[in-house]
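S.K.: target11.tsv is the file, holding TSV, C-alpha atoms:
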```tsv
chain	number	residue	atom	x	y	z
A	1	MET	CA	0.00	0.00	0.00
A	2	SER	CA	1.34	3.42	-0.95
A	3	ALA	CA	1.96	5.97	1.78
A	4	GLY	CA	0.48	8.91	-0.13
A	5	ARG	CA	-2.73	9.08	-2.10
A	6	PRO	CA	-4.30	5.69	-2.87
A	7	HIS	CA	-3.62	4.42	-6.38
A	8	PHE	CA	-6.63	2.78	-8.08
A	9	LEU	CA	-6.27	0.29	-10.94
A	10	HIS	CA	-9.38	0.26	-13.16
A	11	LEU	CA	-9.75	-2.81	-15.41
A	12	HIS	CA	-12.56	-2.27	-17.91
A	13	SER	CA	-14.18	-4.49	-20.51
A	14	THR	CA	-14.12	-1.37	-22.71
A	15	PHE	CA	-13.53	2.31	-21.98
A	16	ALA	CA	-15.69	3.70	-24.77
A	17	ALA	CA	-18.10	6.43	-23.70
A	18	GLY	CA	-20.94	4.24	-22.42
A	19	GLY	CA	-22.91	4.32	-19.17
A	20	LYS	CA	-20.58	2.38	-16.86
A	21	GLU	CA	-17.54	4.18	-18.25
A	22	ARG	CA	-19.12	7.61	-17.76
A	23	ARG	CA	-20.01	6.67	-14.17
A	24	SER	CA	-16.40	5.59	-13.58
A	25	VAL	CA	-15.17	8.95	-14.92
A	26	GLN	CA	-17.77	10.71	-12.78
A	27	LEU	CA	-16.36	9.06	-9.66
A	28	ILE	CA	-12.74	9.68	-10.69
A	29	ASN	CA	-13.52	13.38	-11.06
A	30	ALA	CA	-15.47	13.46	-7.78
A	31	PHE	CA	-12.54	11.97	-5.83
A	32	GLY	CA	-10.32	14.66	-7.31
A	33	ALA	CA	-6.83	15.01	-5.88
A	34	LYS	CA	-7.50	12.43	-3.14
A	35	ALA	CA	-6.63	9.51	-5.46
A	36	ARG	CA	-4.66	8.66	-8.57
A	37	HIS	CA	-5.75	6.25	-11.26
A	38	THR	CA	-4.49	3.81	-13.87
A	39	ILE	CA	-7.07	2.70	-16.45
A	40	VAL	CA	-6.79	-0.39	-18.66
A	41	SER	CA	-9.31	-1.48	-21.30
A	42	ALA	CA	-9.74	-5.01	-22.66
A	43	GLU	CA	-10.27	-3.23	-25.98
A	44	PRO	CA	-7.26	-0.90	-26.19
A	45	ASP	CA	-8.71	1.12	-29.08
A	46	ARG	CA	-11.95	1.90	-27.19
A	47	LEU	CA	-10.91	4.71	-24.85
A	48	GLY	CA	-13.37	7.51	-25.64
A	49	ALA	CA	-14.54	7.91	-22.04
A	50	ALA	CA	-11.07	9.13	-21.06
A	51	ASP	CA	-11.85	12.48	-22.68
A	52	GLY	CA	-14.20	13.20	-19.78
A	53	ILE	CA	-11.52	12.93	-17.08
A	54	ALA	CA	-10.73	16.37	-15.67
A	55	LYS	CA	-7.29	17.69	-16.65
A	56	SER	CA	-6.34	18.12	-13.00
A	57	ILE	CA	-6.75	14.40	-12.24
A	58	ASP	CA	-3.66	12.21	-11.92
A	59	ALA	CA	-4.68	9.44	-14.36
A	60	MET	CA	-2.77	7.20	-16.74
A	61	VAL	CA	-4.76	5.54	-19.53
A	62	GLN	CA	-3.76	2.24	-21.20
A	63	PRO	CA	-0.19	1.77	-19.98
A	64	GLU	CA	1.77	-1.43	-20.54
A	65	PHE	CA	-0.33	-4.17	-18.93
A	66	PRO	CA	-1.07	-7.87	-19.64
A	67	SER	CA	-4.05	-8.31	-21.97
A	68	LEU	CA	-7.40	-8.76	-20.24
A	69	LYS	CA	-8.42	-11.08	-23.10
A	70	GLY	CA	-7.21	-14.63	-23.63
A	71	VAL	CA	-7.48	-18.20	-22.41
A	72	PRO	CA	-7.48	-18.27	-18.58
A	73	LEU	CA	-4.44	-20.53	-18.22
A	74	PRO	CA	-2.48	-20.40	-14.94
A	75	GLY	CA	0.55	-18.66	-16.45
A	76	ARG	CA	-1.52	-15.86	-17.96
A	77	LEU	CA	-3.56	-15.41	-14.79
A	78	GLN	CA	-0.40	-15.22	-12.72
A	79	ARG	CA	0.96	-12.48	-15.00
A	80	LEU	CA	-2.26	-10.54	-14.47
A	81	ALA	CA	-1.99	-11.01	-10.72
A	82	LYS	CA	1.61	-9.77	-10.57
A	83	ALA	CA	0.63	-6.67	-12.57
A	84	MET	CA	-1.98	-5.77	-9.91
A	85	LYS	CA	0.49	-5.77	-7.01
A	86	PRO	CA	1.65	-2.11	-7.05
A	87	TYR	CA	-1.83	-0.65	-6.49
A	88	ASP	CA	-3.98	0.06	-3.43
A	89	LEU	CA	-7.37	-0.98	-4.84
A	90	ILE	CA	-8.36	-2.99	-7.91
A	91	LEU	CA	-11.65	-2.01	-9.57
A	92	THR	CA	-12.90	-4.39	-12.26
A	93	TYR	CA	-15.87	-3.91	-14.59
A	94	ASN	CA	-18.13	-6.45	-16.35
A	95	TRP	CA	-17.38	-9.81	-17.93
A	96	GLY	CA	-14.47	-8.47	-20.00
A	97	ALA	CA	-12.41	-8.07	-16.81
A	98	MET	CA	-13.44	-11.35	-15.16
A	99	ASP	CA	-10.11	-13.09	-15.87
A	100	ALA	CA	-8.43	-10.42	-13.75
A	101	VAL	CA	-10.94	-11.14	-10.98
A	102	MET	CA	-10.09	-14.86	-11.22
A	103	ALA	CA	-6.36	-14.07	-11.16
A	104	HIS	CA	-6.86	-12.02	-8.02
A	105	THR	CA	-8.79	-14.81	-6.26
A	106	LEU	CA	-6.23	-17.49	-7.18
A	107	PHE	CA	-3.07	-15.54	-6.41
A	108	LYS	CA	-4.10	-12.92	-3.85
A	109	ASP	CA	-2.19	-14.52	-1.00
A	110	VAL	CA	0.81	-15.62	-3.10
A	111	HIS	CA	1.52	-12.07	-4.29
A	112	GLY	CA	0.02	-10.07	-1.41
A	113	LEU	CA	-2.49	-8.35	-3.68
A	114	PRO	CA	-4.59	-5.34	-2.69
A	115	PRO	CA	-8.38	-5.65	-2.27
A	116	LEU	CA	-10.60	-5.94	-5.35
A	117	ILE	CA	-14.13	-4.66	-5.96
A	118	HIS	CA	-16.01	-5.84	-9.04
A	119	HIS	CA	-18.72	-3.81	-10.81
A	120	GLU	CA	-21.34	-5.55	-12.96
A	121	ASP	CA	-23.64	-3.42	-15.11
A	122	GLY	CA	-25.24	-5.91	-17.48
A	123	PHE	CA	-24.70	-8.48	-20.18
A	124	ASP	CA	-23.66	-8.67	-23.80
A	125	GLU	CA	-25.71	-10.26	-26.57
A	126	SER	CA	-24.56	-13.78	-25.69
A	127	GLU	CA	-26.39	-13.65	-22.33
A	128	LEU	CA	-29.38	-11.61	-23.44
A	129	HIS	CA	-32.02	-14.33	-23.02
A	130	ARG	CA	-30.27	-16.76	-20.69
A	131	LEU	CA	-27.19	-16.72	-18.51
A	132	LYS	CA	-24.40	-18.93	-19.82
A	133	LYS	CA	-23.70	-21.81	-17.42
A	134	ARG	CA	-19.95	-21.63	-17.96
A	135	ARG	CA	-19.87	-17.90	-17.22
A	136	THR	CA	-22.10	-18.35	-14.19
A	137	TRP	CA	-19.77	-20.96	-12.69
A	138	TYR	CA	-16.70	-18.90	-13.58
A	139	ARG	CA	-18.17	-15.84	-11.85
A	140	ARG	CA	-19.06	-17.87	-8.73
A	141	ILE	CA	-15.44	-18.95	-8.37
A	142	ALA	CA	-13.75	-15.75	-9.53
A	143	LEU	CA	-15.70	-13.48	-7.16
A	144	GLY	CA	-14.86	-15.63	-4.13
A	145	ARG	CA	-12.15	-13.34	-2.70
A	146	SER	CA	-13.52	-9.97	-3.78
A	147	SER	CA	-14.23	-7.24	-1.22
A	148	GLY	CA	-17.44	-6.24	-2.95
A	149	LEU	CA	-19.67	-6.79	-5.97
A	150	VAL	CA	-21.42	-3.58	-7.03
A	151	VAL	CA	-24.60	-3.66	-9.14
A	152	PRO	CA	-26.88	-0.73	-10.06
A	153	SER	CA	-30.21	-2.55	-10.49
A	154	GLU	CA	-32.58	-4.78	-8.55
A	155	ARG	CA	-32.47	-7.42	-11.30
A	156	LEU	CA	-28.68	-7.67	-11.18
A	157	GLU	CA	-28.77	-7.81	-7.41
A	158	GLU	CA	-31.06	-10.84	-7.64
A	159	ILE	CA	-28.79	-12.52	-10.19
A	160	ALA	CA	-25.72	-11.88	-8.03
A	161	LEU	CA	-27.36	-13.41	-4.96
A	162	VAL	CA	-29.18	-16.34	-6.59
A	163	ASP	CA	-27.36	-17.32	-9.78
A	164	TRP	CA	-23.83	-16.33	-8.83
A	165	GLN	CA	-24.41	-17.38	-5.20
A	166	GLN	CA	-22.65	-14.39	-3.71
A	167	PRO	CA	-23.09	-13.75	0.03
A	168	LEU	CA	-25.45	-10.95	0.99
A	169	GLY	CA	-22.69	-8.94	2.63
A	170	ARG	CA	-20.60	-8.87	-0.56
A	171	VAL	CA	-23.31	-7.59	-2.94
A	172	LYS	CA	-23.85	-3.83	-2.91
A	173	ARG	CA	-26.65	-2.26	-4.95
A	174	ILE	CA	-25.73	1.35	-5.69
A	175	PRO	CA	-28.12	3.09	-8.12
A	176	ASN	CA	-26.45	5.34	-10.65
A	177	GLY	CA	-26.47	9.03	-9.75
A	178	ILE	CA	-26.00	12.20	-11.76
A	179	ASP	CA	-25.37	15.91	-11.33
A	180	THR	CA	-29.04	16.87	-11.57
A	181	LYS	CA	-28.23	20.59	-11.42
A	182	ALA	CA	-25.99	20.40	-14.49
A	183	PHE	CA	-28.58	18.45	-16.48
A	184	GLY	CA	-31.26	21.00	-15.58
A	185	MET	CA	-29.39	23.83	-17.33
A	186	ARG	CA	-30.48	25.00	-20.76
A	187	PRO	CA	-28.01	23.78	-23.44
A	188	LYS	CA	-26.44	25.98	-26.09
A	189	LYS	CA	-27.90	25.51	-29.57
A	190	ASP	CA	-24.46	24.71	-31.02
A	191	ALA	CA	-23.45	22.21	-28.30
A	192	LEU	CA	-23.34	19.41	-30.90
A	193	ARG	CA	-21.70	19.42	-34.30
A	194	LEU	CA	-25.32	19.49	-35.43
A	195	ILE	CA	-27.43	22.67	-35.27
A	196	LYS	CA	-31.09	22.44	-34.28
A	197	ARG	CA	-33.04	24.54	-36.76
A	198	PRO	CA	-36.17	26.56	-35.90
A	199	GLY	CA	-39.30	24.39	-36.19
A	200	GLU	CA	-37.36	21.12	-35.72
A	201	TYR	CA	-38.03	18.60	-32.98
A	202	TRP	CA	-35.55	15.94	-31.90
A	203	VAL	CA	-35.95	12.39	-30.72
A	204	GLY	CA	-32.58	11.70	-29.15
A	205	THR	CA	-30.63	8.94	-27.49
A	206	LEU	CA	-27.26	8.53	-25.78
A	207	ALA	CA	-25.88	5.04	-26.15
A	208	GLY	CA	-22.88	2.95	-26.97
A	209	LEU	CA	-23.56	1.83	-30.54
A	210	ARG	CA	-23.70	-1.88	-29.72
A	211	THR	CA	-25.94	-4.61	-31.09
A	212	ILE	CA	-27.71	-5.07	-27.75
A	213	LYS	CA	-28.96	-1.46	-27.96
A	214	ASN	CA	-30.91	-2.44	-31.12
A	215	LEU	CA	-30.82	1.07	-32.56
A	216	PRO	CA	-32.10	-0.05	-35.99
A	217	ARG	CA	-35.36	-0.75	-34.11
A	218	LEU	CA	-35.41	2.87	-32.95
A	219	VAL	CA	-34.78	4.04	-36.51
A	220	ARG	CA	-37.80	2.04	-37.74
A	221	ALA	CA	-40.03	3.23	-34.88
A	222	PHE	CA	-39.03	6.83	-35.55
A	223	ALA	CA	-39.47	6.75	-39.34
A	224	PRO	CA	-43.27	7.43	-39.46
A	225	LEU	CA	-43.00	10.65	-37.45
A	226	PRO	CA	-43.68	13.92	-39.34
A	227	GLU	CA	-40.92	15.53	-41.38
A	228	GLU	CA	-40.13	18.16	-38.77
A	229	TRP	CA	-38.89	15.43	-36.43
A	230	GLN	CA	-35.22	14.44	-36.48
A	231	LEU	CA	-33.53	11.45	-34.84
A	232	VAL	CA	-30.18	12.16	-33.15
A	233	ILE	CA	-28.14	9.15	-31.98
A	234	VAL	CA	-25.20	10.26	-29.82
A	235	GLY	CA	-22.52	7.63	-29.24
A	236	GLU	CA	-19.85	5.50	-30.84
A	237	GLY	CA	-19.43	1.78	-31.42
A	238	GLU	CA	-19.24	-1.15	-33.80
A	239	ALA	CA	-22.98	-1.16	-34.65
A	240	ARG	CA	-22.80	2.22	-36.43
A	241	ASP	CA	-22.76	0.71	-39.93
A	242	GLY	CA	-25.83	-1.40	-39.23
A	243	ILE	CA	-27.74	1.68	-38.05
A	244	LEU	CA	-26.75	3.63	-41.15
A	245	ALA	CA	-27.79	0.71	-43.37
A	246	GLU	CA	-31.30	0.81	-41.89
A	247	VAL	CA	-31.42	4.59	-42.35
A	248	ASP	CA	-30.45	4.10	-46.01
A	249	ARG	CA	-33.06	1.39	-46.52
A	250	LEU	CA	-35.82	3.63	-45.18
A	251	LYS	CA	-34.51	6.63	-47.15
A	252	ILE	CA	-34.56	8.97	-44.15
A	253	ASN	CA	-30.89	10.00	-44.27
A	254	HIS	CA	-31.89	13.68	-44.12
A	255	ARG	CA	-33.67	13.12	-40.79
A	256	VAL	CA	-31.24	10.85	-38.89
A	257	HIS	CA	-27.93	12.06	-37.48
A	258	LEU	CA	-25.04	10.26	-35.78
A	259	PRO	CA	-22.72	13.02	-34.54
A	260	GLY	CA	-20.48	10.68	-32.50
A	261	ALA	CA	-19.85	10.56	-28.76
A	262	VAL	CA	-19.83	13.52	-26.40
A	263	THR	CA	-17.71	13.98	-23.29
A	264	ASP	CA	-20.33	15.97	-21.36
A	265	PRO	CA	-23.92	14.77	-21.97
A	266	ALA	CA	-25.28	17.57	-19.74
A	267	ARG	CA	-24.33	20.03	-22.48
A	268	VAL	CA	-26.42	18.35	-25.19
A	269	ILE	CA	-29.22	16.20	-23.81
A	270	GLY	CA	-31.48	19.19	-23.21
A	271	LEU	CA	-31.59	19.75	-26.99
A	272	PHE	CA	-33.79	16.65	-27.29
A	273	ASP	CA	-37.59	16.85	-27.13
A	274	ILE	CA	-38.05	13.13	-26.46
A	275	PHE	CA	-35.47	10.72	-25.10
A	276	ALA	CA	-35.77	7.20	-26.54
A	277	LEU	CA	-34.20	3.80	-26.01
A	278	SER	CA	-34.79	0.60	-27.98
A	279	SER	CA	-32.45	-1.75	-26.12
A	280	ASP	CA	-32.93	-5.50	-25.82
A	281	SER	CA	-31.32	-5.32	-22.38
A	282	GLU	CA	-30.57	-2.60	-19.82
A	283	GLN	CA	-30.16	-2.52	-16.06
A	284	PHE	CA	-30.23	1.00	-14.57
A	285	PRO	CA	-29.32	3.13	-17.60
A	286	LEU	CA	-27.50	6.30	-16.65
A	287	SER	CA	-28.81	7.97	-19.79
A	288	VAL	CA	-32.43	7.62	-18.62
A	289	ALA	CA	-31.63	9.30	-15.30
A	290	GLU	CA	-29.81	12.06	-17.21
A	291	ALA	CA	-32.75	12.60	-19.57
A	292	MET	CA	-35.15	12.74	-16.63
A	293	ALA	CA	-32.96	15.35	-14.94
A	294	ALA	CA	-33.06	17.37	-18.17
A	295	GLY	CA	-36.87	17.36	-17.97
A	296	LEU	CA	-37.51	15.01	-20.90
A	297	PRO	CA	-40.21	12.40	-21.47
A	298	ILE	CA	-38.86	8.87	-21.95
A	299	ALA	CA	-39.98	6.42	-24.65
A	300	ALA	CA	-38.38	3.05	-23.96
A	301	PRO	CA	-38.99	-0.68	-23.44
A	302	ALA	CA	-39.55	-2.00	-19.92
A	303	VAL	CA	-36.15	-3.65	-19.58
A	304	GLY	CA	-34.07	-3.59	-16.41
A	305	ASP	CA	-35.23	-0.95	-13.93
A	306	ILE	CA	-36.51	1.56	-16.51
A	307	ALA	CA	-40.21	1.21	-15.67
A	308	ALA	CA	-39.45	1.83	-11.98
A	309	MET	CA	-37.10	4.73	-12.72
A	310	VAL	CA	-39.50	7.02	-14.58
A	311	ALA	CA	-42.17	9.19	-12.96
A	312	GLU	CA	-45.74	7.91	-12.77
A	313	ALA	CA	-46.77	10.29	-15.56
A	314	ASN	CA	-44.21	8.64	-17.87
A	315	GLU	CA	-45.27	5.05	-17.19
A	316	PRO	CA	-47.73	4.85	-20.17
A	317	TYR	CA	-44.80	5.52	-22.53
A	318	ILE	CA	-42.75	2.54	-21.37
A	319	THR	CA	-43.52	-0.35	-23.74
A	320	SER	CA	-43.30	-4.11	-23.66
A	321	PRO	CA	-39.74	-5.37	-24.26
A	322	GLY	CA	-39.09	-5.98	-27.94
A	323	SER	CA	-42.32	-4.32	-29.11
A	324	GLU	CA	-41.37	-2.22	-32.11
A	325	GLY	CA	-44.99	-1.25	-32.72
A	326	GLY	CA	-45.36	-0.21	-29.11
A	327	LEU	CA	-42.30	2.02	-29.31
A	328	GLN	CA	-43.62	3.54	-32.53
A	329	ASP	CA	-46.98	4.28	-30.88
A	330	VAL	CA	-45.54	6.00	-27.80
A	331	LEU	CA	-43.19	8.10	-29.91
A	332	ALA	CA	-46.17	9.20	-32.01
A	333	ALA	CA	-48.22	10.04	-28.91
A	334	LEU	CA	-45.46	12.13	-27.37
A	335	ALA	CA	-44.68	13.83	-30.68
A	336	GLN	CA	-48.27	15.03	-31.03
A	337	SER	CA	-48.39	17.23	-27.92
A	338	LYS	CA	-45.85	19.74	-26.65
A	339	ASP	CA	-47.88	20.16	-23.45
A	340	LEU	CA	-47.81	16.40	-22.82
A	341	ARG	CA	-44.03	16.33	-23.30
A	342	ARG	CA	-43.64	19.24	-20.88
A	343	GLN	CA	-45.88	17.69	-18.20
A	344	VAL	CA	-44.18	14.30	-18.37
A	345	GLY	CA	-40.74	15.88	-18.48
A	346	GLU	CA	-41.42	18.03	-15.42
A	347	ALA	CA	-42.54	14.96	-13.45
A	348	ASN	CA	-39.38	13.11	-14.51
A	349	ARG	CA	-37.20	16.06	-13.52
A	350	ALA	CA	-38.76	16.17	-10.04
A	351	LYS	CA	-38.19	12.46	-9.50
A	352	ALA	CA	-34.59	12.61	-10.76
A	353	VAL	CA	-33.75	15.45	-8.37
A	354	ALA	CA	-35.36	13.60	-5.46
A	355	GLU	CA	-33.87	10.15	-6.10
A	356	PHE	CA	-30.95	10.20	-8.55
A	357	ASP	CA	-28.68	13.05	-7.51
A	358	GLU	CA	-25.01	12.05	-7.53
A	359	VAL	CA	-24.19	13.23	-4.00
A	360	LYS	CA	-25.59	10.07	-2.39
A	361	MET	CA	-23.98	7.78	-5.00
A	362	VAL	CA	-20.51	9.34	-4.65
A	363	ALA	CA	-20.69	9.16	-0.85
A	364	THR	CA	-21.68	5.48	-0.98
A	365	TYR	CA	-18.81	4.57	-3.32
A	366	ARG	CA	-16.39	6.59	-1.19
A	367	ARG	CA	-17.40	4.62	1.92
A	368	LEU	CA	-17.17	1.28	0.07
A	369	TYR	CA	-13.73	1.95	-1.40
A	370	SER	CA	-12.42	3.37	1.89
A	371	SER	CA	-13.68	0.34	3.80
A	372	ALA	CA	-12.00	-2.07	1.36
A	373	MET	CA	-8.65	-0.25	1.66
A	374	ARG	CA	-9.06	0.43	5.40
A	375	ARG	CA	-8.07	4.04	4.83
A	376	GLU	CA	-10.01	7.22	4.19
A	377	LEU	CA	-10.54	8.40	0.64
```
Would you write the structure of this file as structure tokens?
M.R.:
Amino acid sequence: MSAGRPHFLHLHSTFAAGGKERRSVQLINAFGAKARHTIVSAEPDRLGAADGIAKSIDAMVQPEFPSLKGVPLPGRLQRLAKAMKPYDLILTYNWGAMDAVMAHTLFKDVHGLPPLIHHEDGFDESELHRLKKRRTWYRRIALGRSSGLVVPSERLEEIALVDWQQPLGRVKRIPNGIDTKAFGMRPKKDALRLIKRPGEYWVGTLAGLRTIKNLPRLVRAFAPLPEEWQLVIVGEGEARDGILAEVDRLKINHRVHLPGAVTDPARVIGLFDIFALSSDSEQFPLSVAEAMAAGLPIAAPAVGDIAAMVAEANEPYITSPGSEGGLQDVLAALAQSKDLRRQVGEANRAKAVAEFDEVKMVATYRRLYSSAMRREL
């Protein structure tokens, strides 16, 4: 353990600008000068979230480190374990970092490794409909020496306790939190590389462009809206070409825009008139809390905790999972009435301020990390 500021090692499945990555950056910035950070991604070319780290933070991104991907043979796992030794706290994220969790469990005592806390935010396409038995067993074993398993949603908490058989004291459900004041501010019209013209209305989303987000479904549900409506998909990822192919097929290229990722969603999300998701799977999406704090109505499927997150006034606009027609209908209903959008958005804003402000989340993480290290953060 270092004598000065604690040194955190973050091992991510990817560090593209998605929900879990933005929360990690949010916490890094909140801890400020009280900690330093080293960040490693299993996908070394996916580092977009790093742009959101404040310049004053002592953080190193993607240094020399054993690959988080590969066959979990003893030699490779031991190399991962040795690489963790110089730090004060290991923070791992999602399945893509699970080999590092296993390495820590197997070789913690041999190498005198620091404590490890794992964060699980959801599943990729391979576990969309059913958990993989091999991964379930691997998680049960790998998590055996961890100091904590953090999940943001009730569904993931249940999976951690029942399927992964983690003890109650190890599992910590910490809902995602946001700076509700920042998201309540009016955005500048030129905050994106895209200018909102007078008379235009925007359906918008913030998402990693991954297959599990099923954004071609959103494109199809949006297409019947009147010409003055535009669809703005903010994010980056490997599914971009598939989204553009669907836009081309429907011949709505002039109404659909993919401006890339943004480092500060609070600066742009207020430009939207409706926030929409079309995901096949979510847990506690940070983007929904952000849109609520910006005073937007939400059109989305009832996956993860979304139906419980939104205000009561927004509940009719949460559709059955996988229902493309349902998503199309609620988008049409919200698009028809500016007063309806305002009323629903105001109710969402009130709930976000009351329940999702970041102060409580940051304080909870600070206590958890401090307890694991047995030193104040």
S.K.: What's the 9 Å shell around Leu377 in chain A, counting all atoms listed in the file, without same-chain residues fewer than 3 positions away, as JSON, numbers by chain?
M.R.: {"A": [5, 6, 31, 34, 35, 366, 367, 369, 370, 373]}
S.K.: Restricting the calculation to all atoms listed in the file: of A:Lys181, A:Lys188, A:Lys251, A:Arg240, which residue gets closest to Asp357 in chain A?
M.R.: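 Of the candidates, the smallest distance to Asp357 in chain A is held by A:Lys181.
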S.K.: Rounded to one decimal in Å, what is the spacing between CA of Gly208 in chain A and CA of Ala182 in chain A?
M.R.: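 It comes out at 21.7 Å.
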S.K.: Which of these residues is nearest to Asp329 in chain A, using all atoms listed in the file: A:Met98, A:Ile233, A:Val61, A:Ala223?
M.R.: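 Closest candidate: A:Ala223.
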S.K.: For range 107-118 of chain A, find every residue with an atom within 10 Å (counting only C-alpha atoms), except residues of its own chain fewer than 4 positions away, and show them as a ChimeraX atom specification.
M.R.: /A:1,8-11,74,77-95,97-98,100-103,143,145-151,170-171,368-369,372-374
S.K.: Write out, as a compact mmCIF listing (two decimals), keeping the file's coordinate frame, the residues just selected, with C-alpha atoms.
M.R.:
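Listing of out08.txt after writing:
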```txt
# COMPACT_ATOMS: atom_id res chain seq x y z
CA MET A 1 0.00 0.00 0.00
CA PHE A 8 -6.63 2.78 -8.08
CA LEU A 9 -6.27 0.29 -10.94
CA HIS A 10 -9.38 0.26 -13.16
CA LEU A 11 -9.75 -2.81 -15.41
CA PRO A 74 -2.48 -20.40 -14.94
CA LEU A 77 -3.56 -15.41 -14.79
CA GLN A 78 -0.40 -15.22 -12.72
CA ARG A 79 0.96 -12.48 -15.00
CA LEU A 80 -2.26 -10.54 -14.47
CA ALA A 81 -1.99 -11.01 -10.72
CA LYS A 82 1.61 -9.77 -10.57
CA ALA A 83 0.63 -6.67 -12.57
CA MET A 84 -1.98 -5.77 -9.91
CA LYS A 85 0.49 -5.77 -7.01
CA PRO A 86 1.65 -2.11 -7.05
CA TYR A 87 -1.83 -0.65 -6.49
CA ASP A 88 -3.98 0.06 -3.43
CA LEU A 89 -7.37 -0.98 -4.84
CA ILE A 90 -8.36 -2.99 -7.91
CA LEU A 91 -11.65 -2.01 -9.57
CA THR A 92 -12.90 -4.39 -12.26
CA TYR A 93 -15.87 -3.91 -14.59
CA ASN A 94 -18.13 -6.45 -16.35
CA TRP A 95 -17.38 -9.81 -17.93
CA ALA A 97 -12.41 -8.07 -16.81
CA MET A 98 -13.44 -11.35 -15.16
CA ALA A 100 -8.43 -10.42 -13.75
CA VAL A 101 -10.94 -11.14 -10.98
CA MET A 102 -10.09 -14.86 -11.22
CA ALA A 103 -6.36 -14.07 -11.16
CA LEU A 143 -15.70 -13.48 -7.16
CA ARG A 145 -12.15 -13.34 -2.70
CA SER A 146 -13.52 -9.97 -3.78
CA SER A 147 -14.23 -7.24 -1.22
CA GLY A 148 -17.44 -6.24 -2.95
CA LEU A 149 -19.67 -6.79 -5.97
CA VAL A 150 -21.42 -3.58 -7.03
CA VAL A 151 -24.60 -3.66 -9.14
CA ARG A 170 -20.60 -8.87 -0.56
CA VAL A 171 -23.31 -7.59 -2.94
CA LEU A 368 -17.17 1.28 0.07
CA TYR A 369 -13.73 1.95 -1.40
CA ALA A 372 -12.00 -2.07 1.36
CA MET A 373 -8.65 -0.25 1.66
CA ARG A 374 -9.06 0.43 5.40
```
S.K.: Between A:Asp190, A:Glu64, A:Glu246, A:Asp273, which is the closest to Gln230 in chain A once you count all atoms listed in the file?
M.R.: A:Asp273
S.K.: Taking all atoms listed in the file into account, which of A:Glu355, A:Asp248, A:Glu154, A:Glu282 comes nearest Ala207 in chain A?
M.R.: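 Of all the options, A:Glu282 lies closest to Ala207 in chain A.
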S.K.: Go ahead and fit an axis-aligned box to every listed atom of range 226-242 of chain A plus 5 Å each side, and pass me the centre and edge lengths in Å, one decimal, as AutoDock Vina command-line options.
M.R.:
```
--center_x -31.5 --center_y 8.4 --center_z -35.3 --size_x 34.4 --size_y 29.6 --size_z 22.1
```
S.K.: Pick from A:Pro187, A:Gly270, A:Gly75, A:Gly122: nearest to Leu156 in chain A, with all atoms listed in the file counted?
M.R.: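 Looking at the shortest contact to Leu156 in chain A, the residue is A:Gly122.
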S.K.: Which distance in Å separates CA of Gly242 in chain A and CA of Val262 in chain A, to one decimal?
M.R.: 20.6 Å
